[in-house]
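A.B. asks: Just passing along the structure, written as structure tokens.
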Amino acid sequence: MVKPTNKLLQGTLDMLILKALSLGSMHGYGVGQRIMQLSQEVLRVEEGSLYPALYRIEQQGWIESEWGISENNQRAKFYKLTRLGRKQLQVEEENWGRLAGAVFKVMETT
Amino acid sequence: MNRIRLIYARLYGLLYKKRIEQEMDEEMRFHIGMRMRENIERGLKPDDAGLEAQRRFGNLERIKDAARDIRGGGMLETLLQDARFGIRTMLKSPGFTLVAVLALALGIGANTAIFSVVNAVLLRPLPYRNPERVVRIYESNPARNAPTFSISPANYLDWKKQSQVFESMAAYSRQQNLTLTGGDRAQQVVGARVSAEMFPMLGINPALGRAFLPEEDRTGGERVVVISHGLWQRGFGADQNLLGRMLTLDQESYAVIGVMPAGFQLPNNDAELWMPLTLSPNQMNRAERALRVLARLKPDKTLEQARAELGEIARRLEEQYPQSNLGWGAVIRSLDEVIVGDEFRQALLVLLGAVGFVLLIACANVANLLLARAAARRKEIAVRIALGAGRLRLVRQLLTESLMLALMGGAAGFLLAVWGVGALVSLSPGNIPRVDEISVDTSVLGFTLLVSLLTGIVFGIVPALQASQSDLHGTLKEAGRSSSESFTRRRLLSLLVVSEATLALVLLVGAGLLIKSFVRLQAVDPGFNPANVQVMQLVLPKAKYAEDHQIQFFYQQLLQRIAALPGVQSVAAASGVPMSGGNSMNAFSVEGRPAHPAGKQDAADYRTVTPNYFSTMGIRLLKGRYLTEQDHKQAPSALLINETMMRRFFADEDAIGKQISLAGLEDKSFTVVGVVRDVRELNLETEARPAMYMSHTQAPASRSMSLVVRTAFDPAQLSAAMRSEVTALDKEQPVANMRTMKRIVSDSIAQPRFTTILLSVFAAIALILAATGIYSVMAYSVTQRTHEIGIRMALGARAADVLRMVVRQGMVLALAGVATGLLMAFGLTRLMSGLLYGVSASDPVIYAGVALLLTSVAILACYIPARRATKIDPIIALRYE
């Protein structure tokens, strides 16, 4: 039985989070939502992976966090991309482009 | 940069733990709130919306745990947390902790103690520069039973000149006793002569002053001496101005030019002072082999190349000088091989293996305890899993506890080892090489730490993995009643019991074999009666006693004086006594037999003795007559031979009356007048070699004589009186090696005694550990089966049935261990066959006896819990939760 999967490649979650945050600072819930919207509901980020990934990236110094007020006037922790994070995103995007191209070529072969 | 931030983040995490936790909580609550709102917007009822949000978020604690790990403070923090928790758990069950730490302390302590000996004797490099390149060279004549022999001066010089593989080659003489006078009391010191190359070749400079110059190593050179650090301190109060002072050694003056650093010694040599070797032209013969030679290999040369080259040179010399060199080759040994004999190396490795086994048994024991306790902690662990603890997290927690136990055991073991090493050194025979270097140093400490950590992982990992995989549902429901104890756990416990019994049996067999061998060794008849004999050695200085008649007169007078002491039954002198080293060999030929070619003559040990040596030592006559006072200088020269010499050389004819001429004494011919029993001259283990005895008046007088005195009471009481008789004759004459003959014999088997005692101690520890292991598993099993046993008894099982059931369960395991142990012992004891005397490594009596011993101990260990099982009251047991 073959079924479509939407599992994330390992390591791509970090890139997606960086990408989501490159559009503006956001709280954790929003990051998950934004990735879902951008992927047109294909990629659903589990909370169990999202938060550890956020903390991991923060520790790398690619994002930083501060407390702010959310759109519905609640205290929330907002994450924002650092300069280092922007650079990292560039690197990852290039890598991803190469990888995706390569995979595409392989899959295209008939 | 990145690293600094990481460290900062970690520290921050540790310091503001509470705040971070709170923020994390808040962040996640916010997330759930947002999701709930979204759900409501999608049209769910508020209650359902909340539940869905929670469910989607999953296990909050697990996410937080993962986050904590990432946050890094995590690692360190969980460790601290685990450690704190571990300490609490340990304090809650002090009995368990004590037993576990004790078992580990025994295991780790034994390993540390033996390792410190191995470290000093085998591992720590010798105190020379690049000692691995230093070798000792021997001449070798296997046909004449001399696989390694000293070297003659002329051969030494040829080897030195012709070989290309060595950076340098140096020679030293056998150690000699010297009389050091000048102070308030004459002192006997041990000296050796060394060639000028020796100290530079070994790479050791004097701590004070200088080494010998080449011109001092020539005949006619200055008389100079270098002394040891020990002698400098003991004899001269560490006088900084000693250099240049004159010492009188055997009536000759020597100038002190250097003091060696502490701990310096030549291999297999006790010398405390060194003089130049000064090989004089008239010493340049080839047949007198008395030099010991060391050499340093060039950096790019191997031992094999050196062997090939020296072999080639020796062959050339053999052709060139057949008279002296026929049959003599060259043998090279690495220095550590020379210093630590094969047998002792083997003994140490066996002991190291044995303590390894003891540690494994201790590990199995603690693993047993942990498994049993894990069962009791099942509920606690299930609750923690239910609360969201990950498996990895749990394993880490349990492993931290094991490691803490192991480290505590290691600390206790280390203390045990510090004490044990002291005991080892005092127990160890004087002839253990490098015994004074044995100590507990940093490398030993490192070893202990490493062993402790490894131990903690070995005994902790299986119980930890086992416990963390608890079936949550079952455990919580079952609420502690354990009739359905997991199958794997029971199998694990059984496996541990079997392996403990196996290892203990192997150790017991090893110890049993050594004990039997040692008993055999002690029962060996040395050929003389060592009881009530006092021995003392004298070496008369050449300068004062130059002539034979002076030497003979001195000893004659001394013997008369000592014979007159109260309690003395008889007294005699000999050029050497058994088991004290210093055997001399001499070539001989039997008159009337075709002469052997040069280099192939027969040879035998010889001793010059006063006639009553045999009655004093209790050496029995087999044939003919003893030597008597009538065998004096003018009388025909008489010779006694031993049994082995008679059997080897006079198998088909009567030895008595045969004429024998000795190399070096060709002007005389000796008549064999009697045959005496064999005496074990080397040690108790080694069979006698052919030996000849002649009267001291009919042979060149020996300056070095040992006096043997047979007394009516404890011979040691006589030593002071004997000393004062020597002083009365010559107040400058020192005395050496004052010992009882019993002591000499016992010293000769000191190494086997050392090995036997140690292995027995280890085997005893192993037996105790294995017994407690079996006991604790059976006791645990009985507790676990209380309910079941209660039912059985309610259904009519009698006490005897229960007893039989429990004992059988334990004995099946113990016997399986005994069986595998016997097989394993059969294989492993082959490795120690070199240590055994008169016992085969597969001695059936020992194997059977040990199997019986272990079985009985196991029965006892099963019986006690089984008895307890019979006391179970069915009514209470059925209610037992």
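Each chain of the structure tokens is named A, B, ... in the order shown, its residues numbered from 1; ligands are numbered from 1 in display order.
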Sort by chain and increasing residue number a table of all residues of chain B within 6 Å of chain A, each with its closest pair of atoms and their distance in Å to one decimal, counting only C-alpha atoms, and write it as a tab-separated table.
C.D. replies:
residue	atom	partner	partner_atom	distance
B:His31	CA	A:Tyr29	CA	5.4
B:Phe57	CA	A:Glu47	CA	5.6
B:Ile63	CA	A:Gly48	CA	5.6
B:Ala67	CA	A:Pro52	CA	4.9
B:Ile70	CA	A:Arg56	CA	5.9
A.B. asks: Give me the residues near Gln90 of chain A as number ranges by chain, where near means some atom within 12 Å (using only C-alpha atoms) and where sequence neighbours in that chain fewer than 2 positions away do not count.
C.D. replies: A: 15-16, 18-19, 22, 62, 83-88, 92-97
A.B. asks: Output N, CA and C atoms of each residue in that selection to a file, as a compact mmCIF listing (two decimals), in the first residue's frame.
C.D. replies:
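Okay, this is what ended up in selection_22.txt:
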# COMPACT_ATOMS: atom_id res chain seq x y z
N MET A 15 15.26 24.75 8.94
CA MET A 15 15.27 25.69 7.83
C MET A 15 13.89 26.35 7.67
N LEU A 16 12.85 25.53 7.82
CA LEU A 16 11.50 26.05 7.65
C LEU A 16 11.20 27.10 8.72
N LEU A 18 13.40 28.97 10.26
CA LEU A 18 14.14 30.18 9.92
C LEU A 18 13.42 30.96 8.83
N LYS A 19 12.94 30.21 7.83
CA LYS A 19 12.25 30.85 6.71
C LYS A 19 10.99 31.58 7.22
N SER A 22 11.84 34.68 8.90
CA SER A 22 12.45 35.71 8.06
C SER A 22 11.38 36.68 7.56
N TRP A 62 20.81 31.60 16.19
CA TRP A 62 20.21 32.01 14.91
C TRP A 62 18.93 32.82 15.13
N ARG A 83 21.16 38.22 12.86
CA ARG A 83 21.96 38.34 11.66
C ARG A 83 22.57 37.00 11.28
N LEU A 84 23.03 36.33 12.34
CA LEU A 84 23.63 35.02 12.13
C LEU A 84 22.60 34.08 11.50
N GLY A 85 21.35 34.19 11.98
CA GLY A 85 20.28 33.33 11.50
C GLY A 85 19.99 33.60 10.03
N ARG A 86 20.05 34.89 9.64
CA ARG A 86 19.79 35.23 8.24
C ARG A 86 20.83 34.56 7.34
N LYS A 87 22.09 34.62 7.80
CA LYS A 87 23.17 34.00 7.04
C LYS A 87 22.95 32.50 6.93
N GLN A 88 22.57 31.94 8.08
CA GLN A 88 22.35 30.50 8.12
C GLN A 88 21.24 30.10 7.15
N GLU A 92 21.38 27.46 4.13
CA GLU A 92 20.48 26.30 4.08
C GLU A 92 19.66 26.31 2.80
N GLU A 93 19.25 27.52 2.38
CA GLU A 93 18.46 27.61 1.16
C GLU A 93 19.26 27.11 -0.05
N GLU A 94 20.55 27.51 -0.08
CA GLU A 94 21.39 27.06 -1.18
C GLU A 94 21.52 25.54 -1.17
N ASN A 95 21.82 25.03 0.02
CA ASN A 95 21.96 23.57 0.16
C ASN A 95 20.69 22.87 -0.30
N TRP A 96 19.59 23.43 0.17
CA TRP A 96 18.31 22.81 -0.12
C TRP A 96 18.04 22.81 -1.63
N GLY A 97 18.38 23.94 -2.27
CA GLY A 97 18.18 24.03 -3.70
C GLY A 97 18.96 22.95 -4.42
A.B. asks: Determine which residues of chain A DSSP labels as helix (DSSP H, G or I) from the backbone of this structure, then write them out as number ranges by chain.
C.D. replies: A: 12-22, 28-38, 47-60, 83-108
A.B. asks: Store the residues picked out above in a file with C-alpha atoms, as an mmCIF file, in the first residue's frame.
C.D. replies:
data_model
loop_
_atom_site.group_PDB
_atom_site.id
_atom_site.type_symbol
_atom_site.label_atom_id
_atom_site.label_comp_id
_atom_site.auth_asym_id
_atom_site.auth_seq_id
_atom_site.Cartn_x
_atom_site.Cartn_y
_atom_site.Cartn_z
ATOM 1 C CA THR A 12 14.560 20.740 7.164
ATOM 2 C CA LEU A 13 12.412 21.782 10.119
ATOM 3 C CA ASP A 14 15.134 24.156 11.284
ATOM 4 C CA MET A 15 15.267 25.693 7.827
ATOM 5 C CA LEU A 16 11.497 26.054 7.654
ATOM 6 C CA ILE A 17 11.427 27.781 11.028
ATOM 7 C CA LEU A 18 14.143 30.185 9.919
ATOM 8 C CA LYS A 19 12.250 30.845 6.714
ATOM 9 C CA ALA A 20 9.004 31.468 8.595
ATOM 10 C CA LEU A 21 10.725 33.896 10.942
ATOM 11 C CA SER A 22 12.451 35.706 8.057
ATOM 12 C CA GLY A 28 5.829 29.632 18.633
ATOM 13 C CA TYR A 29 2.200 29.011 17.803
ATOM 14 C CA GLY A 30 2.436 31.437 14.917
ATOM 15 C CA VAL A 31 5.541 29.757 13.521
ATOM 16 C CA GLY A 32 3.651 26.458 13.329
ATOM 17 C CA GLN A 33 0.645 28.146 11.727
ATOM 18 C CA ARG A 34 2.753 30.040 9.236
ATOM 19 C CA ILE A 35 4.585 26.940 8.053
ATOM 20 C CA MET A 36 1.210 25.245 7.607
ATOM 21 C CA GLN A 37 -0.193 28.141 5.597
ATOM 22 C CA LEU A 38 2.871 28.535 3.426
ATOM 23 C CA GLU A 47 4.337 20.737 18.903
ATOM 24 C CA GLY A 48 6.574 17.984 20.224
ATOM 25 C CA SER A 49 9.108 18.852 17.525
ATOM 26 C CA LEU A 50 8.441 22.548 17.221
ATOM 27 C CA TYR A 51 9.451 23.711 20.666
ATOM 28 C CA PRO A 52 12.610 21.606 21.010
ATOM 29 C CA ALA A 53 13.607 22.878 17.550
ATOM 30 C CA LEU A 54 12.974 26.492 18.576
ATOM 31 C CA TYR A 55 15.091 26.068 21.691
ATOM 32 C CA ARG A 56 17.816 24.350 19.722
ATOM 33 C CA ILE A 57 17.956 27.112 17.137
ATOM 34 C CA GLU A 58 17.900 29.758 19.813
ATOM 35 C CA GLN A 59 20.868 28.086 21.453
ATOM 36 C CA GLN A 60 22.706 28.221 18.109
ATOM 37 C CA ARG A 83 21.957 38.337 11.657
ATOM 38 C CA LEU A 84 23.628 35.016 12.133
ATOM 39 C CA GLY A 85 20.284 33.330 11.496
ATOM 40 C CA ARG A 86 19.792 35.227 8.240
ATOM 41 C CA LYS A 87 23.171 33.997 7.036
ATOM 42 C CA GLN A 88 22.355 30.499 8.122
ATOM 43 C CA LEU A 89 19.059 30.620 6.229
ATOM 44 C CA GLN A 90 20.925 31.616 3.081
ATOM 45 C CA VAL A 91 23.303 28.707 3.446
ATOM 46 C CA GLU A 92 20.485 26.296 4.079
ATOM 47 C CA GLU A 93 18.459 27.606 1.156
ATOM 48 C CA GLU A 94 21.390 27.058 -1.180
ATOM 49 C CA ASN A 95 21.958 23.574 0.156
ATOM 50 C CA TRP A 96 18.311 22.806 -0.124
ATOM 51 C CA GLY A 97 18.182 24.035 -3.701
ATOM 52 C CA ARG A 98 21.060 21.796 -4.630
ATOM 53 C CA LEU A 99 19.592 18.822 -2.848
ATOM 54 C CA ALA A 100 16.101 19.314 -4.227
ATOM 55 C CA GLY A 101 17.493 19.697 -7.732
ATOM 56 C CA ALA A 102 19.491 16.537 -7.368
ATOM 57 C CA VAL A 103 16.568 14.563 -5.974
ATOM 58 C CA PHE A 104 14.368 15.880 -8.725
ATOM 59 C CA LYS A 105 16.838 14.737 -11.359
ATOM 60 C CA VAL A 106 16.956 11.284 -9.861
ATOM 61 C CA MET A 107 13.194 11.000 -9.694
ATOM 62 C CA GLU A 108 12.761 12.336 -13.192
#
A.B. asks: Could you pull the residues within 10 Å of Arg703 of chain B, counting only C-alpha atoms, minus those fewer than 3 positions along the same chain, as a list in words?
C.D. replies: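 Once the adjacent positions are removed, what remains is Leu538, Val539, Leu540, Pro541, Lys542, Tyr545, Ala546, Glu547, Asp548, Gln550, Ile551, Gln552, Tyr555, Ser575, Pro700 and Ser706 of chain B.
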A.B. asks: Convert the current residue selection to file output with C-alpha atoms, as a tab-separated table (two decimals), in the first residue's frame.
C.D. replies:
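For reference, part.tsv as written:
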chain	number	residue	atom	x	y	z
B	538	LEU	CA	82.31	-14.20	55.73
B	539	VAL	CA	84.41	-12.74	52.97
B	540	LEU	CA	88.04	-12.18	53.94
B	541	PRO	CA	89.66	-9.23	52.17
B	542	LYS	CA	92.42	-10.16	49.77
B	545	TYR	CA	94.50	-12.56	53.79
B	546	ALA	CA	96.65	-13.04	50.71
B	547	GLU	CA	97.98	-16.54	51.38
B	548	ASP	CA	96.08	-19.84	51.59
B	550	GLN	CA	96.29	-17.29	56.43
B	551	ILE	CA	92.75	-18.02	55.24
B	552	GLN	CA	92.80	-21.57	56.52
B	555	TYR	CA	88.68	-20.25	59.59
B	575	SER	CA	82.33	-22.31	50.12
B	700	PRO	CA	92.69	-23.67	46.83
B	706	SER	CA	79.66	-19.80	54.92
A.B. asks: At a cut-off of 6 Å, using only C-alpha atoms, what residues contact Tyr79 of chain A? Leave out same-chain residues fewer than 6 positions from it and give the result as a list in words.
C.D. replies: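 Once the nearby chain positions are removed, what remains is Ser25, Met26, His27, Glu64 and Ser65 of chain A.
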A.B. asks: Find the spatial neighbours of segment 858-875 of chain B, counting only C-alpha atoms, within a cut-off of 6 Å - ignore same-chain residues fewer than 4 positions away - and output them as a list in words.
C.D. replies: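 After dropping sequence-adjacent residues, the list is Ala771, Tyr775, Ala779, Gly790, Ala794, Ala799, Leu803, Val806, Val807 and Gly810 of chain B.
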A.B. asks: I'd like the contact shell of Arg491 of chain B - 12 Å cut-off, only C-alpha atoms, skipping same-chain residues fewer than 6 positions apart - returned as a list of chain:residue names.
C.D. replies: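 The residues that qualify are B:Asn368, B:Leu371, B:Gln466, B:Glu485, B:Val497, B:Val498, B:Val777, B:Ser781, B:Leu813.
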A.B. asks: Using C-alpha atoms, can you export the residues from the last selection as a short mmCIF file (atom, residue, chain, number, x, y, z; two decimals), in the first residue's frame?
C.D. replies:
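Output (out10.cif):
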data_model
loop_
_atom_site.label_atom_id
_atom_site.label_comp_id
_atom_site.auth_asym_id
_atom_site.auth_seq_id
_atom_site.Cartn_x
_atom_site.Cartn_y
_atom_site.Cartn_z
CA ASN B 368 21.51 -9.08 41.13
CA LEU B 371 17.50 -6.25 39.47
CA GLN B 466 15.27 -3.92 31.99
CA GLU B 485 7.19 -11.50 37.65
CA VAL B 497 23.76 -16.79 39.40
CA VAL B 498 25.14 -19.29 36.92
CA VAL B 777 18.63 -14.24 44.51
CA SER B 781 12.68 -15.26 44.73
CA LEU B 813 21.44 -22.88 38.72
#
A.B. asks: So which residues touch Gly576 of chain B within 9 Å, counting only C-alpha atoms, skipping near sequence neighbours fewer than 6 positions away, as a ChimeraX atom specification?
C.D. replies: /B:537,582-584,607-609,704-707
A.B. asks: Take the residues that were just selected and, keeping N, CA and C atoms, output them as a compact mmCIF listing (two decimals), in the first residue's frame.
C.D. replies:
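Final output, out_0.txt:
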# COMPACT_ATOMS: atom_id res chain seq x y z
N GLN B 537 77.85 -15.73 56.67
CA GLN B 537 78.83 -15.69 55.58
C GLN B 537 79.94 -14.69 55.88
N GLY B 582 75.44 -18.34 44.20
CA GLY B 582 76.89 -18.46 44.17
C GLY B 582 77.38 -19.88 43.93
N ASN B 583 76.70 -20.62 43.06
CA ASN B 583 77.22 -21.95 42.73
C ASN B 583 78.40 -21.82 41.77
N SER B 584 79.39 -22.66 41.97
CA SER B 584 80.50 -22.65 41.02
C SER B 584 80.46 -23.97 40.28
N ARG B 607 82.01 -27.70 45.64
CA ARG B 607 82.10 -26.92 46.87
C ARG B 607 83.30 -27.42 47.65
N THR B 608 83.99 -26.48 48.31
CA THR B 608 85.00 -26.93 49.26
C THR B 608 84.39 -26.80 50.63
N VAL B 609 84.58 -27.84 51.46
CA VAL B 609 83.91 -27.89 52.76
C VAL B 609 84.87 -28.40 53.82
N SER B 704 85.81 -16.65 50.62
CA SER B 704 84.41 -16.51 51.02
C SER B 704 83.89 -17.85 51.51
N MET B 705 83.54 -17.91 52.78
CA MET B 705 83.04 -19.16 53.34
C MET B 705 81.75 -18.88 54.09
N SER B 706 80.85 -19.88 54.09
CA SER B 706 79.66 -19.80 54.92
C SER B 706 79.83 -20.77 56.07
N LEU B 707 79.57 -20.28 57.28
CA LEU B 707 79.63 -21.17 58.44
C LEU B 707 78.25 -21.72 58.72
A.B. asks: Which is closest to Ala186 of chain B among B:Thr248, B:Glu167, B:Gly353, B:Thr610, if we use only C-alpha atoms?
C.D. replies: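 Looking only at the distances to Ala186 of chain B, the closest residue turns out to be B:Thr248.
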A.B. asks: What does the structure give for the distance between atom CA of Gln164 of chain B and atom CA of Asp336 of chain B, in Å to one decimal?
C.D. replies: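 So the two atoms, atom CA of Gln164 of chain B and atom CA of Asp336 of chain B, lie 23.0 Å apart.
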A.B. asks: Record the distance separating atom CA of Leu415 of chain B and atom CA of Gly456 of chain B, expressed in Å with one decimal.
C.D. replies: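 That distance, rounded to one decimal, is 18.2 Å.
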